[in-house]
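Student: Let me give you the structure first, and then I'll get to my questions.
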Amino acid sequence: MDNLQQNLTELETLVDEAMDKLSIAETKAKIDAIEADMASPDFWNDSGTAQDIAKKKAKLEHKALPWVRLRVELNDIREMTNMDDAELEKELSKQLKKASGTFESLKDQLKLSGPYDDADVIMSIHAGAGGTDAQDWAEMLLRMYVRWAEKHDVSVTMIDESSGDEAGIKSVTLELSGNFLYGKLKGEHGTHRLVRLSPFNSDNLRQTSFAKADIMPKIDEPKDIEIDEKNLRIDVYRSGGKGGQSVNTTDSAVRITHLPTGIVVAIQNERSQLQNRETAMTILRSRLVQLRIEQHAEKLEDIKGPNKSAEWGNQIRSYVLHPYKQVKDLRTRHESSDPDVVLSGELDEFIDAYLEYLIGRSET
């Protein structure tokens, strides 16, 4: 049993270190607290809130319970290693090998151990330099991310969309819900560059276009980032319907300006002013958190406004459709010679390359 016990000890150490880094004990405590609340007889009186809490519990369980079960398996193996039985040792060796395989499949979560990596995502895509081509390119990016979401059982909710003048979109804001979404998609944050033969000019000339993807962790609980009300200017106005007609009889649209940073969030897609305000505040909190991450600021008051002048100058990835075919990430140097596949939502290689890139940076 000596060799078995040594291998078991090594695996226990690796599992305990991973669970500590991923804050599994704290996550399990949150699950227990939610289960206690759900046991209350009036928990389902507010079905909307109850469903939100149940979804939150499911996400926490997806993160923590596989690790908890693995640790229980190792404890069970440990209890039986004191028995001097050759047949039992063979069986325990099989169980330990299985547990080791489980650890190998779970340890990818260590790449997603940032403070917001298990959060849902607020994604905004904005057309940049390039006129109609850029607006078409923004819509192509939108389609790419929606297709990636479909392949990974991620739900997508449209929050706001502004159509292009001739084609494509000027901007769009989405909410993506799933497991470890911010951790997986944070590397998509930045400016994306497209080079192709333009379908929007008669000479079919080569055109370079830019679009920016803002990837923000969804922060829907005010306690996660406290915003002083005196730093906000809140305007309400009447939502405009399609065709230029006003479809609402009340001023339900909401525009919130964060005065210290100049960030503006305007929402008009909900019928209720209260709903629009809540959505706008969620997006504002998410943008402020993303800015704090970018600027390595410890406090909210240390955040500066977004750098407008560099908005379209620092592309993270180039997509070339002509005169050759290539997608290249300028940070990780990962590339693909098949942009059509990438634009159809096959992004996992680029996502994995960025996570490995972050690990490499943290080790230097």
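Ligands are numbered from 1 in the order shown, chains are lettered A, B, ... in the order of the structure tokens, and residues start at 1 in each chain.
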Quick one: residues within 12 Å of Arg193 (chain A), only C-alpha atoms, excluding same-chain residues fewer than 2 positions away - as an MDAnalysis selection string?

Tutor: chainID A and resid 127:130 133:134 137:138 140:141 190:191 195:196 207:213 312:321 326:330

Student: Determine which residues of region 58-302 of chain A DSSP labels as strand (DSSP E or B) from the backbone of this structure, then write them out as a PyMOL selection string.

Tutor: chain A and resi 121-127+155-163+169-177+190-197+206-217+232-237+253-258+263-267

Student: If I take CA of His258 (chain A) and CA of Ile125 (chain A), how far is one from the other in Å, to one decimal?

Tutor: 20.3 Å

Student: Which is closest to Thr173 (chain A) among A:Asn269, A:Gln109, A:Ser198, A:Thr332, if we use only C-alpha atoms?

Tutor: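 Of A:Asn269, A:Gln109, A:Ser198, A:Thr332, the one nearest Thr173 (chain A), counting only C-alpha atoms, is A:Asn269.
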
Student: Looking at A:Gln290, A:Asn179, A:Ser171, A:Thr261, which one is nearest to Asp120 (chain A), with distances taken over only C-alpha atoms?

Tutor: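 Counting only C-alpha atoms, the residue closest to Asp120 (chain A) is A:Asn179.
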
Student: Could you go through region 177-300 of chain A and tell me which residues DSSP, when run on the backbone, assigns to helix (DSSP H, G or I), listing them as a PyMOL selection string?

Tutor: chain A and resi 181-188+222-224+229-231+242-244+273-294+300

Student: Between CA of Lys57 (chain A) and CA of Arg285 (chain A), what is the distance in Å, rounded to a tenth?

Tutor: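 According to the coordinates, CA of Lys57 (chain A) and CA of Arg285 (chain A) are separated by 21.9 Å.
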
Student: Measure the distance from CA of Gly131 (chain A) to CA of Gly164 (chain A) in Å and round it to one decimal.

Tutor: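 Interatomic distance here is 9.4 Å.
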
Student: Fewer than 3 positions away in the same chain doesn't count, so skip those; otherwise give me all residues within 12 Å of Ala149 (chain A), counting only C-alpha atoms, as a compact mmCIF listing (two decimals) with N, CA and C atoms, in the first residue's frame.

Tutor:
```txt
# COMPACT_ATOMS: atom_id res chain seq x y z
N VAL A 121 -21.75 37.58 -18.83
CA VAL A 121 -21.08 38.62 -19.60
C VAL A 121 -22.07 39.61 -20.19
N LEU A 142 -20.87 40.06 -34.36
CA LEU A 142 -22.04 39.65 -33.58
C LEU A 142 -22.44 38.22 -33.94
N ARG A 143 -22.52 37.93 -35.23
CA ARG A 143 -22.90 36.59 -35.68
C ARG A 143 -21.88 35.55 -35.20
N MET A 144 -20.59 35.89 -35.22
CA MET A 144 -19.55 34.97 -34.76
C MET A 144 -19.74 34.60 -33.30
N TYR A 145 -20.00 35.60 -32.45
CA TYR A 145 -20.14 35.32 -31.02
C TYR A 145 -21.46 34.59 -30.71
N VAL A 146 -22.52 34.91 -31.43
CA VAL A 146 -23.79 34.21 -31.21
C VAL A 146 -23.63 32.74 -31.59
N HIS A 152 -21.97 26.28 -27.40
CA HIS A 152 -21.59 26.01 -26.02
C HIS A 152 -22.77 26.13 -25.05
N ASP A 153 -23.98 26.03 -25.57
CA ASP A 153 -25.18 26.05 -24.74
C ASP A 153 -25.23 27.30 -23.85
N VAL A 154 -24.85 28.42 -24.44
CA VAL A 154 -24.87 29.71 -23.75
C VAL A 154 -26.10 30.50 -24.22
N SER A 155 -26.88 31.00 -23.29
CA SER A 155 -28.07 31.77 -23.68
C SER A 155 -27.66 33.22 -23.99
N VAL A 156 -28.30 33.78 -25.00
CA VAL A 156 -28.00 35.14 -25.46
C VAL A 156 -29.28 35.96 -25.43
N THR A 157 -29.23 37.12 -24.76
CA THR A 157 -30.37 38.02 -24.68
C THR A 157 -29.97 39.37 -25.26
N LEU A 174 -25.46 42.83 -25.65
CA LEU A 174 -26.04 41.52 -25.36
C LEU A 174 -25.72 41.10 -23.93
N GLU A 175 -26.55 40.22 -23.41
CA GLU A 175 -26.22 39.53 -22.17
C GLU A 175 -26.04 38.05 -22.48
N LEU A 176 -24.91 37.48 -22.08
CA LEU A 176 -24.63 36.07 -22.29
C LEU A 176 -24.60 35.38 -20.93
N SER A 177 -25.34 34.27 -20.82
CA SER A 177 -25.44 33.56 -19.54
C SER A 177 -24.95 32.12 -19.71
N GLY A 178 -24.04 31.72 -18.83
CA GLY A 178 -23.49 30.36 -18.88
C GLY A 178 -22.46 30.19 -17.78
N ASN A 179 -21.62 29.19 -17.92
CA ASN A 179 -20.63 28.89 -16.89
C ASN A 179 -19.25 29.44 -17.26
N LEU A 181 -18.24 32.34 -18.08
CA LEU A 181 -18.27 33.06 -19.36
C LEU A 181 -17.26 34.20 -19.41
N LYS A 184 -13.81 32.93 -19.98
CA LYS A 184 -13.57 32.42 -21.33
C LYS A 184 -13.50 33.54 -22.37
N LEU A 185 -14.33 34.57 -22.19
CA LEU A 185 -14.46 35.59 -23.24
C LEU A 185 -13.66 36.86 -22.99
N SER A 344 -17.45 31.47 -38.14
CA SER A 344 -18.65 30.68 -37.89
C SER A 344 -18.78 30.28 -36.43
N GLY A 345 -17.87 30.79 -35.59
CA GLY A 345 -17.99 30.57 -34.15
C GLY A 345 -16.97 29.62 -33.55
N GLU A 346 -16.01 29.16 -34.35
CA GLU A 346 -14.98 28.25 -33.82
C GLU A 346 -13.86 29.08 -33.19
N LEU A 347 -14.08 29.49 -31.94
CA LEU A 347 -13.15 30.40 -31.26
C LEU A 347 -12.34 29.73 -30.16
N ASP A 348 -12.60 28.46 -29.89
CA ASP A 348 -12.02 27.85 -28.70
C ASP A 348 -10.49 27.85 -28.71
```

Student: Leaving out Leu11 (chain A) and any residue of its chain fewer than 4 positions from it, which residues lie within 9 Å of it when counting only C-alpha atoms, given as JSON, numbers by chain?

Tutor: {"A": [6, 7, 15, 16, 74, 96, 99, 100, 103]}

Student: Can I get the selected residues back with N, CA and C atoms, as a CSV table (one decimal), in the first residue's frame?

Tutor:
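Just written: result14.csv:
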```csv
chain,number,residue,atom,x,y,z
A,6,GLN,N,1.4,7.0,-1.3
A,6,GLN,CA,2.2,8.1,-1.7
A,6,GLN,C,1.5,8.9,-2.9
A,7,ASN,N,1.0,8.1,-3.9
A,7,ASN,CA,0.3,8.7,-5.0
A,7,ASN,C,-1.0,9.4,-4.5
A,15,VAL,N,-5.3,18.5,-5.3
A,15,VAL,CA,-6.7,18.9,-5.2
A,15,VAL,C,-6.9,20.0,-4.2
A,16,ASP,N,-6.3,19.8,-3.0
A,16,ASP,CA,-6.5,20.9,-2.0
A,16,ASP,C,-6.0,22.2,-2.4
A,74,LEU,N,-11.6,10.9,-2.5
A,74,LEU,CA,-10.2,10.7,-2.0
A,74,LEU,C,-10.2,10.4,-0.5
A,96,LEU,N,-8.3,5.4,-7.5
A,96,LEU,CA,-7.4,6.5,-7.5
A,96,LEU,C,-7.1,7.0,-8.9
A,99,ALA,N,-10.0,8.9,-10.0
A,99,ALA,CA,-10.0,10.2,-9.4
A,99,ALA,C,-9.0,11.1,-10.0
A,100,SER,N,-7.8,10.6,-10.4
A,100,SER,CA,-6.8,11.4,-11.0
A,100,SER,C,-7.3,11.9,-12.4
A,103,PHE,N,-9.6,14.8,-11.8
A,103,PHE,CA,-8.8,16.0,-11.5
A,103,PHE,C,-8.3,16.6,-12.7
```

Student: Give me the residues within 10 Å of Glu294 (chain A) as a list in words, counting only C-alpha atoms and dropping any in the same chain fewer than 5 places off.

Tutor: Leu288, Val289, Ile303 and Pro306 of chain A

Student: Put those residues in a file: C-alpha atoms, as a compact mmCIF listing (two decimals), in the first residue's frame.

Tutor:
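Below is the file that was written, selection_4.txt:
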```
# COMPACT_ATOMS: atom_id res chain seq x y z
CA LEU A 288 -16.87 50.28 -14.23
CA VAL A 289 -15.60 46.88 -13.10
CA ILE A 303 -10.83 54.84 -12.32
CA PRO A 306 -12.14 55.30 -21.27
```

Student: Find, counting only C-alpha atoms, the residue in A:Leu343, A:Val68, A:Leu274, A:Leu358 that gets nearest to Arg331 (chain A).

Tutor: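 The answer is A:Leu358, which sits nearest to Arg331 (chain A).
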
Student: Point out the residue among A:His322, A:Lys111, A:Arg255, A:His334 with the least atom-to-atom distance to Lys21 (chain A), counting only C-alpha atoms.

Tutor: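 Among the listed residues, the smallest separation from Lys21 (chain A) belongs to A:Lys111.
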
Student: As an NGL selection string, please: the residues near Ile267 (chain A) (cut-off 12 Å, only C-alpha atoms, same-chain neighbours under 5 positions excluded).

Tutor: :A and (158-162 or 172-173 or 234-240 or 251-257 or 272-284)

Student: For the residues in the current selection, export C-alpha atoms as an mmCIF file, in the first residue's frame.

Tutor:
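Okay, this is what ended up in again-v8.cif:
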```
data_model
loop_
_atom_site.group_PDB
_atom_site.id
_atom_site.type_symbol
_atom_site.label_atom_id
_atom_site.label_comp_id
_atom_site.auth_asym_id
_atom_site.auth_seq_id
_atom_site.Cartn_x
_atom_site.Cartn_y
_atom_site.Cartn_z
ATOM 1 C CA MET A 158 -30.456 41.151 -26.825
ATOM 2 C CA ILE A 159 -30.432 44.301 -24.673
ATOM 3 C CA ASP A 160 -30.054 47.024 -27.281
ATOM 4 C CA GLU A 161 -29.262 47.341 -30.997
ATOM 5 C CA SER A 162 -28.666 50.251 -33.358
ATOM 6 C CA VAL A 172 -25.321 46.141 -30.116
ATOM 7 C CA THR A 173 -25.408 45.115 -26.456
ATOM 8 C CA ILE A 234 -30.154 60.257 -14.679
ATOM 9 C CA ASP A 235 -32.295 61.459 -17.584
ATOM 10 C CA VAL A 236 -35.587 59.967 -18.724
ATOM 11 C CA TYR A 237 -37.097 60.437 -22.146
ATOM 12 C CA ARG A 238 -39.628 58.911 -24.495
ATOM 13 C CA SER A 239 -38.572 55.749 -26.322
ATOM 14 C CA GLY A 240 -38.718 55.896 -30.104
ATOM 15 C CA ASP A 251 -41.032 58.582 -20.637
ATOM 16 C CA SER A 252 -39.680 55.069 -20.079
ATOM 17 C CA ALA A 253 -36.220 55.325 -21.666
ATOM 18 C CA VAL A 254 -33.352 55.975 -19.259
ATOM 19 C CA ARG A 255 -29.928 57.541 -19.788
ATOM 20 C CA ILE A 256 -27.429 57.319 -16.914
ATOM 21 C CA THR A 257 -24.180 59.294 -16.965
ATOM 22 C CA SER A 272 -40.986 50.051 -17.738
ATOM 23 C CA GLN A 273 -38.766 52.957 -16.703
ATOM 24 C CA LEU A 274 -37.828 50.965 -13.594
ATOM 25 C CA GLN A 275 -36.708 47.979 -15.703
ATOM 26 C CA ASN A 276 -34.689 50.214 -17.993
ATOM 27 C CA ARG A 277 -33.024 51.859 -15.009
ATOM 28 C CA GLU A 278 -32.124 48.499 -13.463
ATOM 29 C CA THR A 279 -30.673 47.267 -16.759
ATOM 30 C CA ALA A 280 -28.727 50.506 -17.237
ATOM 31 C CA MET A 281 -27.296 50.300 -13.708
ATOM 32 C CA THR A 282 -26.234 46.677 -14.286
ATOM 33 C CA ILE A 283 -24.399 47.693 -17.465
ATOM 34 C CA LEU A 284 -22.833 50.720 -15.746
#
```

Student: Could you list, as a list of chain:residue names, every residue within 12 Å of Glu356 (chain A), counting only C-alpha atoms and ignoring same-chain residues fewer than 2 positions away?

Tutor: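 Residues meeting the cut-off are A:Asp108, A:Leu110, A:Lys111, A:Leu112, A:Lys184, A:Gly187, A:Arg331, A:Thr332, A:Arg333, A:His334, A:Glu349, A:Phe350, A:Ile351, A:Asp352, A:Ala353, A:Tyr354, A:Leu358, A:Ile359, A:Gly360, A:Arg361, A:Ser362, A:Glu363.
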